[in-house]
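Novice: One structure coming up, written as structure tokens, with questions to follow.
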Amino acid sequence: MATESKQKNQAPLIEPGHTFGSVSDKISSLVLNKKTPTFWFIGFGISFMLMNLLLLAIAYLLFKGIGIWGVNVPVAWGFAIINLVWWIGIGHAGTLISAILLLLRQEWRTSINRFAEAMTLFAVSAAGIFPLIHTGRPWLDYWLIPYPNTMALWPNFRSPLVWDVFAISTYATVSLLFWYVGLVPDFATLRDRTKTTGAKIIYGVLSMGWRGSAVHWHRYETAYLLLAGLATPLVISVHTVVSFDFAMGIVPGWHATIFPPYFVAGAIYAGFAMVLTLAIPLRKVYGLQDFITMRHLKNMAKVMLATGLIVAYGYSVEAFTAWYSATEYEGFMILNRMTGPYRYVFWSLIICNVAVPQLLWISKVQNSVVGLFIIAMFVNVGMWLERYVIVITSLHRDFLPSSWDMYSGTFWDWATYIGSIGLFLTLMFLFLRVIPSISIFEMKTLVIGRGDKKEDKK
Amino acid sequence: MKEKDIEKNTTLTELSDKFGQKYGKDYWRSLEALSQTEEFQQAVQNEFKESPVEWENSLNRRHFLQIMGASLALAGLNACTKQPAEKIIPHVIAPEKITLGKPLFFATSFVLSGYACGVLAESHEGRPTKIEGNPEHPASLGATDIFAQASILNLYDPDRSQVIKNIGQFSSWEAFLNLLRTQLEAQSGKNGAGIRILTETVTSPTLAAQLKTFLKKYPSAKWHQYEPVNRDNVKLGSQLAFGQYVETQYHLENADVALSLDGDFFSGMPGSLVHARKFGERRKVDGHHAQMNRLYAVESSLTLTGAMADHRLAMKAGDVLTFAQDLAYQLNATKEKSQHNKGVAGKKWMDALVRDLKSNSGKCVVIPGEFQAPEVHYLAHAINKALGNIGKTVRYTKSVEASPTVQNNSIRELTDDMKNGLVEFLVILGGNPLFNAPADLNFGEKLKTVKTRVHVSPEENETSEWCHWQIPQSHYLESWSDARAFDGAASIIQPLIAPLYASKSFHEIMAALNDQAGKSDYEIVREYWLSQLKKGDFERSWQIALHDGVVAGTAFPGISPTLRAFNLAPQEAEKGLEVVFRPDPNIWDGRFANNGWLQELPKPISKLTWDNAAIISPASARVHGLENGQSIEIKRNNTSIKAPVWIVPGQANETITLYLGYGRIKTGKVGANAGVNIFPLKTSDGKWSASGISVKATKEQVELASTQDHGSMEGRHLVRESSLADYVAHPELFHEMGHEPDPEMSLYPPYKYDGYAWGMVVDLNACTGCNACTVACQSENNIPIVGKEETLKGREMHWIRVDRYYTGDENNPEVAHQPVMCMHCEDAPCEVVCPVAATTHSDEGLNEMTYNRCVGTRYCSNNCPYKVRRFNFFKYADYITESAKLMHNPDVTVRFRGVMEKCTYCVQRISSARIKAKKEDRSIQDGDIVTACQQVCPTDAIIFGDINDENSRVAKAKAEHRDYGLLAELGTRPRTSYLAKLRNPNPELIES
């Protein structure tokens, strides 16, 4: 009871005055309302253009070769890998919010889980492009998949890149399933409420004959819980495996046992920052302040603060280990990061990821929507810089000084990166338009919860 | 070019008609006017409309060979790829000796500046593909330099001059013969007074005989010799010393102590390969033998010789004479000493050197640089005599040149005659005087006074532009000739392939001049030698000479010229800024400008590619506030050039070294407009350094592509080095510099090698850093070039690179070279991370790269601590140019875009040795396999073989105390290991 009363003092998870009907009306109207808002067209238009930039960049890449990017020897990985890790990191929040918070019975996840999951899927889609196109001969990428073939050749199971294939594809599959299963009851709501025949058919098919019977609900709950159970270890594993790409390498700055936990924390950090980045404008333009309340934002800010501290710990442990190991290459690597030619990137990363988020200790900042948005943007940038530091500064000066060289992204590197943001946003806008961005039926459980208590008092 | 424009453009034929009408028979004189008009340029462009694609960016430059491929359609190479329409008959019985897939080797000779180096050219089904050293040739001893290695690319260069041209129009040999007939008839009345023949340095006995025949018939005609990198100073020095031109040879095998006076006897100098081999032999230190020679070097710019030196002193080029005078004085070789009180070298250094030389009298040698003043050469002769070295470490013979000439005087005479209107008919056999004649002679202007000018050269260069006739010169692999090596030994140059284009050899031109047109160069050379080899069976001696690559018994006998007295005025120390000219280490005087391998080869010390630069020392850069790439204006005698700065530690302070040969305008696609032309500053005084120059910094920046930006080892034990004395006292010291983890620590079970286990050792004590291995590897393994832009991005493709590290004082650093190729690690980091198993371990310990399987994740390269893996970021390999197809080694895959590649230990050579051994039912013996880098190495620094065989050279080398693995502390267990570098400092000069 103590926790309940504590919860009561906090901002509510859903603003008062909502009924089942009003929740359904409000959320489904975002999709079913015929008039598409102007901002959507503007946003979608820009995103779509950026996505076409991605297509152009990929077409040119396939035509010319990987040389259009800035990669070289020694820095044979560049933007593609940075972007891969960045997007995968962002893709962590959705499943974490849906699965882990579900298992932990955190009710506040309800209003943000749907679009967080969507964000995960789209981020993983954006991420998935990069390992495919970054190879020298992308048309042979399927050789990384173990399939029976006449050459009797298998992939090299010792290579972390093969582990990546499994980790990322599994994660993408489970995330998609999880998201879709959660959507089924809402698709049924849309089917029932939509007035156009085409939409009725599409939503009808997607809702898989959902009628809302007790048996349906029972099976749904079981399936959803099982998927949550499946997804939970994946949240941890996918970034762990991605971190192995580096940790299994011999390169100073990569070869570190801290990488898996530090990457997972970083991913959650980045993921929550991205959820905030999306949720804040979303609740504003769609008027969803009733559903995505300050309590949600504050909770996410707290998760960011916590994971941000873990990430900061990771940075310091890297430096400590480099010193403690007394390995000249490791020691040089840290010094080079801090004082070498890429020092500006490193210190920007520290400012973005370590210094600025400390403002979240202040409750005024926690309560400021604008403040949260700005900090989230800092973290988005900071996490990209973190991957830049890991990939580039480790490679550009490794063991033999004779091979040392510099790296910088070319126009096509940036075009691909910005284009991938375009892809992500395009998918996001399409999602907002055709799928309820907040779970209708789960929001109703919050209404029920509150109503029950009111009746008790009476 | 847009189609519309093409339509509008006049064709060459129309144009020539037009000019023919306009100028009538006088059109010769209007050549300049004609070639300068836009119409003419346009017409030439049209004539070659497939070829001149603008090089706006790197990609196009990289694709130069592909672009040029189209122009080959003009040149009759079609026969190589297309079958004729007529009924053809296949070889049912193959030509004698040719077995498909099995290469043949022919002895021939590569000639640079007249001096021959014997080579064995590898031929695959009639196509020469690779140059190897000829162990039986006295100037090669089995090795070659970078020029000989890269010369094969010149043969297949699609930009070569391909057809006889008369003022830019295609012409014919017959037309040229007609011209000769009229010209010679006109001249015969005046004994040929209007005829001049300009050649480069001639050592070819046949060509000399032909020239003499010609001059006999036309006694008033003159033969001039000129090339910019000549040996005038050597000749003048010998004239001072002996009153005659003698050839000096150095026997480093007998020298315990050597002193180099601003020269580089390891590269460029005649006999340099022999110097390197013999010097290297005296530096082999093993368990039984712990003695080394000692090398002192005094020099203005850091050279390979200086880098090898145990003691090196950076000194202005102009001060070397002062130094030599003091040294000679102290060694009682001259009576005068310099006016410099303390001596330019400092007393301690000089005293130690003098004592060392004195105590090694008869076992030491002083070698003056070719580009030092004649007086330095005189003093060197005097010192060597005073030290009793003559006949022991120094040997004199008569000059190797057929007609030794001071070439700067020769070209001056020619230009004077031209100015005075005495020259009516000029035949230029090779060379590019318009580009590289001394600037003050104004050769180009005066050339215009000559009525008829004929130029024979392998490529259309600046001089071709201003000559009426351009005749393509045959490559040495296409024509018969002969030449002499540094010791006088004559070699017959035999071709491996019929001329690819309508080219002619000098002998054929001279035959035409001698009224013997139509005589083949084979007949000419053979006839000459028929007159020479009179003793015994000519056919037999001829066959032997061809087989061996050297004519037996033609080396010159030693002579003992008497040293004359010469009083040298006391010298002073040089004041102010000084500029030093040197031939470019890669493209020489510019003749290799269109050779992509040499352009992209990192220069020995500066590691620059594709450019020359003004080399200055770090201290001078600070004084003048200059930084790398900043353009400076250098002014001498009212002429100024702009060159980018490149800072090189070890360069003498206040000395700017400029490498000649760059800034070519009229050459092929590769070399055009690369670098800066230095020749405008070089004058006919023959001096290779000049003071009294002014330098102005500009704000312009030039991007220079260097392949190694970082020269310090950062305290890492990469090149392990100590003094000989320390090593003898404590042989384990190299092993204590690094800690190798226990091989049992690997997660994976160890590989078992029941048969062979290939391994390599590189002796850092012998390596001079000459780069020959890099070019040899490039040639053997079909390694593409990538162009300057790609090199700037760090994408060069060399499988073996020579790392250069500096240690110690930046003003006078010690330099270490380290050739780095794939280490074929026992626990290779690359193998584990490749997702598709494209790089795997063989049962003989090779780290094998399967190109077909590679998808190009580049993870292997990231995980390779040696960064020896090279990636085809673009389609670098040339799949289009017909001539490049002929050049490729058929035993090595040409790699496609998007795959990783790296050193294979020349696996194709291992395979061929295995096949041979199996056929003979034996195992592969030590020495059966010689990798390309090993074959070419002048100092024998690379050893390859089976480490399972205890008696193999490589196994023995690996058992040395000096043997260590690069980065072995990472647990990679490299198969390639290094023998640590030793220096042998004079105990008197060791600073405590």
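Identifiers in the structure tokens: chain A, B, ... in order shown; residue index from 1 per chain; ligand index from 1 in order shown.
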Might you pull out every residue within 12 Å of A:Ile375, with only C-alpha atoms counted and same-chain residues fewer than 2 positions away left off, and present them as a count of residues only?

Specialist: 36

Novice: Considering only C-alpha atoms, return as a short mmCIF file (atom, residue, chain, number, x, y, z; two decimals) with C-alpha atoms, in the first residue's frame whatever protein or nucleic-acid residues lie within 10 Å of A:Met208, sequence-local ones (same chain, fewer than 5 positions apart) excluded.

Specialist:
```cif
data_model
loop_
_atom_site.label_atom_id
_atom_site.label_comp_id
_atom_site.auth_asym_id
_atom_site.auth_seq_id
_atom_site.Cartn_x
_atom_site.Cartn_y
_atom_site.Cartn_z
CA VAL A 184 -3.97 -7.59 -33.17
CA PRO A 185 -6.69 -6.35 -30.75
CA PHE A 187 -6.43 -3.81 -35.59
CA ALA A 188 -9.78 -5.33 -34.64
CA TYR A 203 -7.51 -4.19 -40.95
#
```

Novice: If we count only C-alpha atoms, which residues of chain B reach to within 6 Å of chain A? Please list them as a list in words.

Specialist: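 Taken together, these residues fit the definition: Gln708, His710, Gly794, Arg795, Asp803, Val832, Val833, Cys834, Pro835, Val836, Ala837, Val855, Gly856, Thr857, Arg858, Asn863, Pro865, Phe873, Phe874 and Gly898 of chain B.
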
Novice: What does the file look like for those residues with C-alpha atoms, as a compact mmCIF listing (two decimals), in the first residue's frame?

Specialist:
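Output below, filename result_17.txt:
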```txt
# COMPACT_ATOMS: atom_id res chain seq x y z
CA GLN B 708 53.86 6.82 -44.41
CA HIS B 710 54.50 8.79 -39.15
CA GLY B 794 45.42 5.51 -48.07
CA ARG B 795 44.42 2.87 -50.56
CA ASP B 803 58.51 1.02 -43.65
CA VAL B 832 39.31 -16.16 -37.27
CA VAL B 833 37.22 -13.15 -38.15
CA CYS B 834 36.48 -13.79 -41.81
CA PRO B 835 32.78 -14.71 -41.86
CA VAL B 836 32.98 -16.72 -45.06
CA ALA B 837 36.31 -18.47 -44.52
CA VAL B 855 32.68 -10.88 -49.91
CA GLY B 856 34.73 -7.93 -48.73
CA THR B 857 33.76 -7.26 -45.11
CA ARG B 858 37.33 -5.98 -44.54
CA ASN B 863 42.17 -7.30 -37.34
CA PRO B 865 48.05 -5.86 -36.72
CA PHE B 873 37.88 -0.43 -53.05
CA PHE B 874 37.19 0.05 -56.74
CA GLY B 898 35.47 -5.65 -53.57
```

Novice: Just the number, please: distance in Å from atom CA of B:Ile524 to atom CA of B:Gly133, one decimal.

Specialist: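 Those two atoms sit 26.3 Å apart.
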
Novice: What's the 12 Å shell around A:His296, counting only C-alpha atoms, without same-chain residues fewer than 4 positions away, as a compact mmCIF listing (two decimals) with C-alpha atoms, in the first residue's frame?

Specialist:
```txt
# COMPACT_ATOMS: atom_id res chain seq x y z
CA GLN A 10 3.16 11.20 -8.79
CA ALA A 11 1.66 12.49 -11.99
CA PRO A 12 -0.93 10.07 -13.34
CA LEU A 13 -0.30 7.67 -16.23
CA ILE A 14 -3.48 8.82 -17.87
CA GLU A 15 -5.12 12.15 -17.26
CA ILE A 97 10.03 -1.16 -22.82
CA GLN A 106 5.66 -1.45 -15.01
CA GLU A 107 2.34 0.01 -15.99
CA TRP A 108 3.83 3.23 -17.29
CA ARG A 109 5.15 1.42 -20.33
CA THR A 110 1.63 1.19 -21.74
CA SER A 111 1.30 4.45 -23.59
CA ILE A 112 4.77 4.44 -25.11
CA ASN A 113 5.36 0.79 -25.90
CA PHE A 272 15.38 5.94 -24.53
CA VAL A 275 11.94 7.48 -27.67
CA LEU A 276 12.00 10.84 -25.93
CA ALA A 279 7.47 11.12 -28.01
CA ILE A 280 7.84 14.78 -27.16
CA ARG A 283 2.34 14.14 -27.92
CA GLN A 289 -0.51 14.86 -23.40
CA ASP A 290 -3.30 12.97 -21.64
CA PHE A 291 -1.78 9.64 -22.53
CA ILE A 292 1.92 10.38 -22.58
CA MET A 300 12.37 7.70 -19.26
CA ALA A 301 14.66 10.49 -18.15
CA LYS A 302 15.53 8.46 -15.07
CA VAL A 303 16.32 5.39 -17.16
CA GLN A 366 13.25 16.58 -15.42
CA ASN A 367 10.00 18.49 -15.50
CA VAL A 369 9.72 19.02 -21.77
CA LEU A 372 14.36 16.71 -21.87
```

Novice: Do you know which residues are at most 10 Å from B:Gly675 counting only C-alpha atoms, after dropping those on the same chain fewer than 4 positions away, and could you put them as a list in words?

Specialist: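 Here the answer would be Ala593, Thr609, Trp610, Asp611, Asn612, Ala613, Ala643, Pro644, Tyr659, Leu660, Gly661, Tyr662, Gly663, Arg664, Gly671, Val702 and Leu704 of chain B.
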
Novice: Could you write out, as a list in words, all the residues of stretch 617-671 of chain B that DSSP marks as helix (DSSP H, G or I)?

Specialist: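 Residues of stretch 617-671 of chain B classed as helix (DSSP H, G or I): Pro618, Ala619, Ser620, Ala621, Arg622, Val623 and His624 of chain B.
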
Novice: With only C-alpha atoms as the counted atoms, please give the residues lying no more than 12 Å from B:Glu413, apart from itself and same-chain residues fewer than 4 positions off, as a list in words.

Specialist: Arg196, Leu198, Lys222, Trp223, His224, Gln225, Tyr226, Thr405, Val406, Gln407, Asn408, Asn409, Asp417, Met418, Lys419, Asn420, Leu422, Val423, Leu441, Phe443, Lys446 and Ser684 of chain B

Novice: Please identify all polymer residues within 12 Å of B:Thr199, counting only C-alpha atoms, omitting same-chain residues fewer than 6 positions from it, and present them as an NGL selection string.

Specialist: :B and (113-114 or 207-208 or 211 or 222-228 or 402-403 or 405 or 407 or 410-411 or 414 or 426-433 or 454-457 or 506 or 510)

Novice: Looking only at the backbone, which of the residues in stretch 163-330 of chain B does DSSP tag as strand (DSSP E), as a PyMOL selection string?

Specialist: chain B and resi 165-166+169-170+195-199+222-225+246-250+257-261+294-299+311-314
